[in-house]
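Encoded as structure tokens, the structure appears first; notes follow it.
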Amino acid sequence: MYQTQTFAIPELKGISKHAIEEHLKLYGGYVKFSNTILEKIKEYKQDAEKNTYALGELQRRFGFEFNGMRNHEYYFKSLENGAQALDTKSTLRKAIEKEFGSFDAWLADFTNIALTRGIGWAMMYYDRETMRLTHAWVDEHHIGQLDGLAPILALDMWEHAYMIDYVPADKKKYITAFFDNLNWSVIEENYLAARG
Ligand SMILES: [Fe+2]
């Protein structure tokens, strides 16, 4: 059974308490339905022949619920305990500068990905095979997730993430607010853990 996690999110700048509260409820839904799918699969397997179609569809949707849960955990954890800048001498900062030229160039690249039309996630991963940072857009929660890469940073670009505070045309302001509140020490930890 997956457990709903709690997050120490302080009052944020540009993202309201109301938006976070509603968003956490949605996150809880992904945890709940990740468990529900697994329970239903177990139940339907007792007569797998009769339930072939239903089983296939449940298995097909598991990645949606599971990644919906995990993406949100990366997202909310990165907003815990107040904003912290990325240390200019940190290992992650150096990796970002090596890969993208400068921190500002990195931010521009990540922001462009976040502005992709549609609902989904802007992701930064660490690829253990190439030992490089990689950006990707993920549709919904799972379509486009990169096999075997460790998520370092996840920015929720579903409308529910910002529409309590911003109109769709202003979603760039939400991206700015996210970075104003981001605790980079969490991202640095994710990076160091991914590197092993
Ligand atoms: Fe979300």
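Residues in the structure tokens are numbered from 1 in each chain, the chains being A, B, ... in the order shown, and ligands are numbered from 1 in the order shown.
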
Non-local contacts of segment 5-8 of chain A (10 Å; only C-alpha atoms; under 5 positions in same chain excluded) as an NGL selection string: :A and (24 or 27-28 or 31 or 69 or 73 or 76-82)

Name each residue within 8 Å of ligand 1, counting only C-alpha atoms and all ligand atoms, as a PDB file with N, CA, C and O atoms, in the first residue's frame.
```
ATOM      1  N   HIS A  23      -4.471  21.297  -4.170  1.00  0.00           N
ATOM      2  CA  HIS A  23      -3.527  20.475  -4.936  1.00  0.00           C
ATOM      3  C   HIS A  23      -3.141  19.219  -4.149  1.00  0.00           C
ATOM      4  O   HIS A  23      -3.033  18.127  -4.707  1.00  0.00           O
ATOM      5  N   LEU A  26      -5.719  16.598  -4.531  1.00  0.00           N
ATOM      6  CA  LEU A  26      -5.587  15.880  -5.811  1.00  0.00           C
ATOM      7  C   LEU A  26      -4.472  14.841  -5.734  1.00  0.00           C
ATOM      8  O   LEU A  26      -4.612  13.713  -6.216  1.00  0.00           O
ATOM      9  N   TYR A  27      -3.360  15.230  -5.114  1.00  0.00           N
ATOM     10  CA  TYR A  27      -2.243  14.292  -4.922  1.00  0.00           C
ATOM     11  C   TYR A  27      -2.728  13.050  -4.163  1.00  0.00           C
ATOM     12  O   TYR A  27      -2.422  11.911  -4.558  1.00  0.00           O
ATOM     13  N   GLY A  68       1.551   9.962 -11.341  1.00  0.00           N
ATOM     14  CA  GLY A  68       0.820  11.096 -10.773  1.00  0.00           C
ATOM     15  C   GLY A  68       1.165  11.259  -9.301  1.00  0.00           C
ATOM     16  O   GLY A  68       1.353  12.366  -8.801  1.00  0.00           O
ATOM     17  N   HIS A  72       4.064  14.308  -8.043  1.00  0.00           N
ATOM     18  CA  HIS A  72       3.612  15.277  -7.039  1.00  0.00           C
ATOM     19  C   HIS A  72       4.506  15.245  -5.800  1.00  0.00           C
ATOM     20  O   HIS A  72       4.724  16.280  -5.164  1.00  0.00           O
ATOM     21  N   ASP A 156       4.931  20.891 -11.968  1.00  0.00           N
ATOM     22  CA  ASP A 156       3.566  20.551 -12.374  1.00  0.00           C
ATOM     23  C   ASP A 156       3.012  21.658 -13.255  1.00  0.00           C
ATOM     24  O   ASP A 156       2.883  22.803 -12.827  1.00  0.00           O
ATOM     25  N   MET A 157       2.677  21.312 -14.502  1.00  0.00           N
ATOM     26  CA  MET A 157       2.099  22.292 -15.418  1.00  0.00           C
ATOM     27  C   MET A 157       0.667  21.931 -15.815  1.00  0.00           C
ATOM     28  O   MET A 157       0.176  22.357 -16.858  1.00  0.00           O
ATOM     29  N   TRP A 158       0.007  21.135 -14.960  1.00  0.00           N
ATOM     30  CA  TRP A 158      -1.425  20.940 -15.135  1.00  0.00           C
ATOM     31  C   TRP A 158      -2.105  22.252 -14.719  1.00  0.00           C
ATOM     32  O   TRP A 158      -1.621  22.955 -13.828  1.00  0.00           O
ATOM     33  N   HIS A 160      -4.608  22.672 -12.912  1.00  0.00           N
ATOM     34  CA  HIS A 160      -5.011  22.699 -11.490  1.00  0.00           C
ATOM     35  C   HIS A 160      -3.887  23.253 -10.603  1.00  0.00           C
ATOM     36  O   HIS A 160      -4.141  23.688  -9.492  1.00  0.00           O
ATOM     37  N   ALA A 161      -2.642  23.202 -11.101  1.00  0.00           N
ATOM     38  CA  ALA A 161      -1.508  23.657 -10.299  1.00  0.00           C
ATOM     39  C   ALA A 161      -1.491  25.177 -10.154  1.00  0.00           C
ATOM     40  O   ALA A 161      -0.930  25.710  -9.196  1.00  0.00           O
TER      41      ALA A 161
END
```

Separation of atom CA of Glu140 of chain A from atom CA of Ala95 of chain A, in Å and rounded to one decimal: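 It comes out at 28.1 Å.
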
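By chain and then residue number, the residues within 6 Å of segment 181-193 of chain A are A:Ser78, A:Leu79, A:Ala83, A:Gln84, A:Ala85, A:Leu86, A:Leu92, A:Ile152, counting only C-alpha atoms and disregarding those fewer than 6 positions away in sequence.
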
Restricted to C-alpha atoms, what would the selected residues look like written as a short mmCIF file (atom, residue, chain, number, x, y, z; two decimals), in the first residue's frame?
```
data_model
loop_
_atom_site.label_atom_id
_atom_site.label_comp_id
_atom_site.auth_asym_id
_atom_site.auth_seq_id
_atom_site.Cartn_x
_atom_site.Cartn_y
_atom_site.Cartn_z
CA SER A 78 10.83 20.81 -3.55
CA LEU A 79 8.63 23.47 -1.93
CA ALA A 83 13.10 28.94 -0.61
CA GLN A 84 16.83 28.28 -0.85
CA ALA A 85 19.02 29.39 -3.70
CA LEU A 86 21.32 26.98 -5.51
CA LEU A 92 24.60 20.60 -9.18
CA ILE A 152 15.76 15.64 -10.10
#
```

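Nearest to Phe100 of chain A of all the residues A:Ala177, A:Leu133, A:Ala150, A:Ala19 is A:Leu133, counting only C-alpha atoms.
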
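When the distance limit is 12 Å and only C-alpha atoms are what count, the residues near Leu146 of chain A, minus those fewer than 5 positions from it on the same chain, are A:Asn67, A:Met123, A:Met124, A:Tyr125, A:Tyr126, A:Asp127, A:Arg128, A:Thr134, A:His135, A:Ala136, A:Trp137, A:Val138, A:Asp139, A:His141, A:Pro151.
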
Backbone-only DSSP, helix (DSSP H, G or I) members of segment 130-181 of chain A, as a VMD selection string: chain A and resid 159 to 161 168 to 181

Test item, strand (DSSP E) assignment across segment 45-173 of chain A, answer as number ranges by chain: A: 120-127, 132-139, 150-156

Output for the residues just chosen: N, CA, C and O atoms as a CSV table (one decimal), in the first residue's frame:
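As a result, selection_3.csv now contains:
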```csv
chain,number,residue,atom,x,y,z
A,120,GLY,N,0.8,18.7,-18.2
A,120,GLY,CA,1.9,17.7,-18.0
A,120,GLY,C,2.9,18.3,-17.1
A,120,GLY,O,2.6,19.2,-16.3
A,121,TRP,N,4.1,17.8,-17.2
A,121,TRP,CA,5.2,18.2,-16.3
A,121,TRP,C,6.5,18.6,-17.1
A,121,TRP,O,6.8,17.9,-18.1
A,122,ALA,N,7.2,19.6,-16.6
A,122,ALA,CA,8.5,19.9,-17.0
A,122,ALA,C,9.4,19.1,-16.0
A,122,ALA,O,9.3,19.2,-14.8
A,123,MET,N,10.3,18.3,-16.6
A,123,MET,CA,11.2,17.5,-15.8
A,123,MET,C,12.7,17.7,-16.1
A,123,MET,O,13.0,17.9,-17.2
A,124,MET,N,13.5,17.6,-15.0
A,124,MET,CA,14.9,17.5,-15.2
A,124,MET,C,15.3,16.2,-14.6
A,124,MET,O,14.9,15.9,-13.5
A,125,TYR,N,16.1,15.4,-15.3
A,125,TYR,CA,16.5,14.1,-14.9
A,125,TYR,C,18.1,14.1,-14.9
A,125,TYR,O,18.7,14.8,-15.6
A,126,TYR,N,18.5,13.1,-14.1
A,126,TYR,CA,20.0,12.7,-14.3
A,126,TYR,C,20.0,11.3,-14.9
A,126,TYR,O,19.4,10.4,-14.5
A,127,ASP,N,20.8,11.3,-16.0
A,127,ASP,CA,21.0,10.0,-16.7
A,127,ASP,C,22.3,9.4,-16.3
A,127,ASP,O,23.4,9.9,-16.5
A,132,ARG,N,24.8,12.7,-17.4
A,132,ARG,CA,24.4,14.1,-17.8
A,132,ARG,C,23.0,14.4,-17.4
A,132,ARG,O,22.1,13.6,-17.1
A,133,LEU,N,22.7,15.7,-17.3
A,133,LEU,CA,21.3,16.2,-17.0
A,133,LEU,C,20.6,16.3,-18.3
A,133,LEU,O,21.1,16.7,-19.3
A,134,THR,N,19.3,15.9,-18.2
A,134,THR,CA,18.4,15.9,-19.4
A,134,THR,C,17.1,16.5,-19.0
A,134,THR,O,16.5,16.2,-17.9
A,135,HIS,N,16.5,17.4,-19.9
A,135,HIS,CA,15.2,17.9,-19.7
A,135,HIS,C,14.2,17.1,-20.6
A,135,HIS,O,14.5,16.7,-21.6
A,136,ALA,N,12.9,17.1,-20.1
A,136,ALA,CA,11.9,16.5,-20.9
A,136,ALA,C,10.5,17.0,-20.5
A,136,ALA,O,10.3,17.4,-19.4
A,137,TRP,N,9.6,17.0,-21.5
A,137,TRP,CA,8.2,17.3,-21.2
A,137,TRP,C,7.5,16.0,-21.1
A,137,TRP,O,7.7,15.1,-21.9
A,138,VAL,N,6.7,15.8,-20.0
A,138,VAL,CA,5.9,14.6,-19.8
A,138,VAL,C,4.4,15.0,-19.9
A,138,VAL,O,3.9,15.8,-19.2
A,139,ASP,N,3.7,14.4,-20.9
A,139,ASP,CA,2.3,14.6,-21.0
A,139,ASP,C,1.6,13.8,-19.9
A,139,ASP,O,2.0,12.7,-19.5
A,150,ALA,N,16.8,9.3,-13.5
A,150,ALA,CA,16.3,9.7,-12.1
A,150,ALA,C,15.8,11.1,-12.2
A,150,ALA,O,16.5,12.0,-12.5
A,151,PRO,N,14.5,11.3,-11.7
A,151,PRO,CA,14.0,12.7,-11.7
A,151,PRO,C,14.7,13.5,-10.6
A,151,PRO,O,15.0,13.0,-9.5
A,152,ILE,N,15.1,14.7,-11.0
A,152,ILE,CA,15.8,15.6,-10.1
A,152,ILE,C,14.8,16.8,-9.7
A,152,ILE,O,14.8,17.2,-8.6
A,153,LEU,N,14.1,17.2,-10.7
A,153,LEU,CA,13.2,18.4,-10.5
A,153,LEU,C,11.9,18.2,-11.4
A,153,LEU,O,12.0,17.8,-12.5
A,154,ALA,N,10.8,18.4,-10.7
A,154,ALA,CA,9.5,18.2,-11.4
A,154,ALA,C,8.6,19.4,-11.2
A,154,ALA,O,8.3,19.8,-10.0
A,155,LEU,N,8.2,20.0,-12.3
A,155,LEU,CA,7.3,21.2,-12.2
A,155,LEU,C,5.9,20.8,-12.8
A,155,LEU,O,5.8,20.5,-14.0
A,156,ASP,N,4.9,20.9,-12.0
A,156,ASP,CA,3.6,20.6,-12.4
A,156,ASP,C,3.0,21.7,-13.3
A,156,ASP,O,2.9,22.8,-12.8
```

Selected residue of minimal separation from Trp106 of chain A among A:Lys172, A:Met163, A:Tyr75, A:Lys94, counting only C-alpha atoms: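 Closest residue, counting only C-alpha atoms: A:Lys94.
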
Point-to-point distance in Å for atom CA of Ile20 of chain A and atom CA of Glu159 of chain A: 12.9 Å

Long-range neighbours of Tyr174 of chain A as an MDAnalysis selection string, 10 Å cut-off, only C-alpha atoms, 2 positions minimum in chain: chainID A and resid 14:15 157 161:163 165:168 170:172 176:180

Save the residues we just selected, N, CA, C and O atoms, as a compact mmCIF listing (two decimals), in the first residue's frame?
```
# COMPACT_ATOMS: atom_id res chain seq x y z
N GLY A 14 3.24 34.00 -4.22
CA GLY A 14 2.67 33.82 -5.56
C GLY A 14 1.95 32.51 -5.79
O GLY A 14 1.42 32.28 -6.88
N ILE A 15 1.96 31.63 -4.80
CA ILE A 15 1.15 30.40 -4.87
C ILE A 15 0.38 30.35 -3.56
O ILE A 15 0.98 30.26 -2.48
N MET A 157 2.68 21.31 -14.50
CA MET A 157 2.10 22.29 -15.42
C MET A 157 0.67 21.93 -15.81
O MET A 157 0.18 22.36 -16.86
N ALA A 161 -2.64 23.20 -11.10
CA ALA A 161 -1.51 23.66 -10.30
C ALA A 161 -1.49 25.18 -10.15
O ALA A 161 -0.93 25.71 -9.20
N TYR A 162 -2.09 25.89 -11.12
CA TYR A 162 -1.96 27.36 -11.08
C TYR A 162 -3.26 28.13 -11.27
O TYR A 162 -3.29 29.33 -11.01
N MET A 163 -4.34 27.47 -11.69
CA MET A 163 -5.51 28.25 -12.07
C MET A 163 -6.30 28.86 -10.91
O MET A 163 -7.17 29.70 -11.14
N ASP A 165 -4.71 30.68 -8.81
CA ASP A 165 -3.97 31.94 -8.66
C ASP A 165 -3.76 32.70 -9.97
O ASP A 165 -3.54 33.91 -9.95
N TYR A 166 -3.76 32.02 -11.09
CA TYR A 166 -3.43 32.65 -12.38
C TYR A 166 -4.37 32.19 -13.49
O TYR A 166 -4.81 31.04 -13.48
N VAL A 167 -4.61 33.07 -14.47
CA VAL A 167 -5.34 32.65 -15.67
C VAL A 167 -4.34 31.92 -16.59
O VAL A 167 -3.12 32.13 -16.45
N PRO A 168 -4.82 31.08 -17.49
CA PRO A 168 -3.89 30.31 -18.34
C PRO A 168 -2.87 31.17 -19.07
O PRO A 168 -1.70 30.78 -19.21
N ASP A 170 -1.38 33.59 -18.07
CA ASP A 170 -0.33 34.04 -17.13
C ASP A 170 0.45 32.88 -16.52
O ASP A 170 1.07 33.04 -15.46
N LYS A 171 0.45 31.74 -17.18
CA LYS A 171 1.10 30.60 -16.51
C LYS A 171 2.61 30.81 -16.33
O LYS A 171 3.21 30.19 -15.47
N LYS A 172 3.18 31.73 -17.11
CA LYS A 172 4.60 32.03 -16.91
C LYS A 172 4.84 32.64 -15.52
O LYS A 172 5.89 32.43 -14.91
N THR A 176 7.48 31.47 -12.60
CA THR A 176 8.35 32.37 -11.83
C THR A 176 8.12 32.18 -10.33
O THR A 176 9.09 32.09 -9.55
N ALA A 177 6.84 32.07 -9.93
CA ALA A 177 6.52 31.88 -8.51
C ALA A 177 7.11 30.56 -7.99
O ALA A 177 7.65 30.51 -6.89
N PHE A 178 7.03 29.53 -8.81
CA PHE A 178 7.59 28.23 -8.41
C PHE A 178 9.08 28.39 -8.10
O PHE A 178 9.56 27.94 -7.04
N PHE A 179 9.81 29.05 -8.99
CA PHE A 179 11.25 29.22 -8.76
C PHE A 179 11.55 30.17 -7.60
O PHE A 179 12.56 30.01 -6.93
N ASP A 180 10.64 31.13 -7.35
CA ASP A 180 10.82 32.02 -6.18
C ASP A 180 10.73 31.24 -4.87
O ASP A 180 11.28 31.65 -3.85
```

Shortest interatomic distance to Tyr44 of chain A - which of A:Glu57, A:Asp109, A:Asp104, A:Glu22, counting only C-alpha atoms: A:Glu57

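Distances to Phe103 of chain A were evaluated for A:Gln59, A:Asp87, A:Ile175, A:Lys42 using only C-alpha atoms, and the minimum falls at A:Asp87.
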
d(atom CA of Thr116 of chain A, atom CA of Arg195 of chain A) in Å: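 Those two atoms sit 28.1 Å apart.
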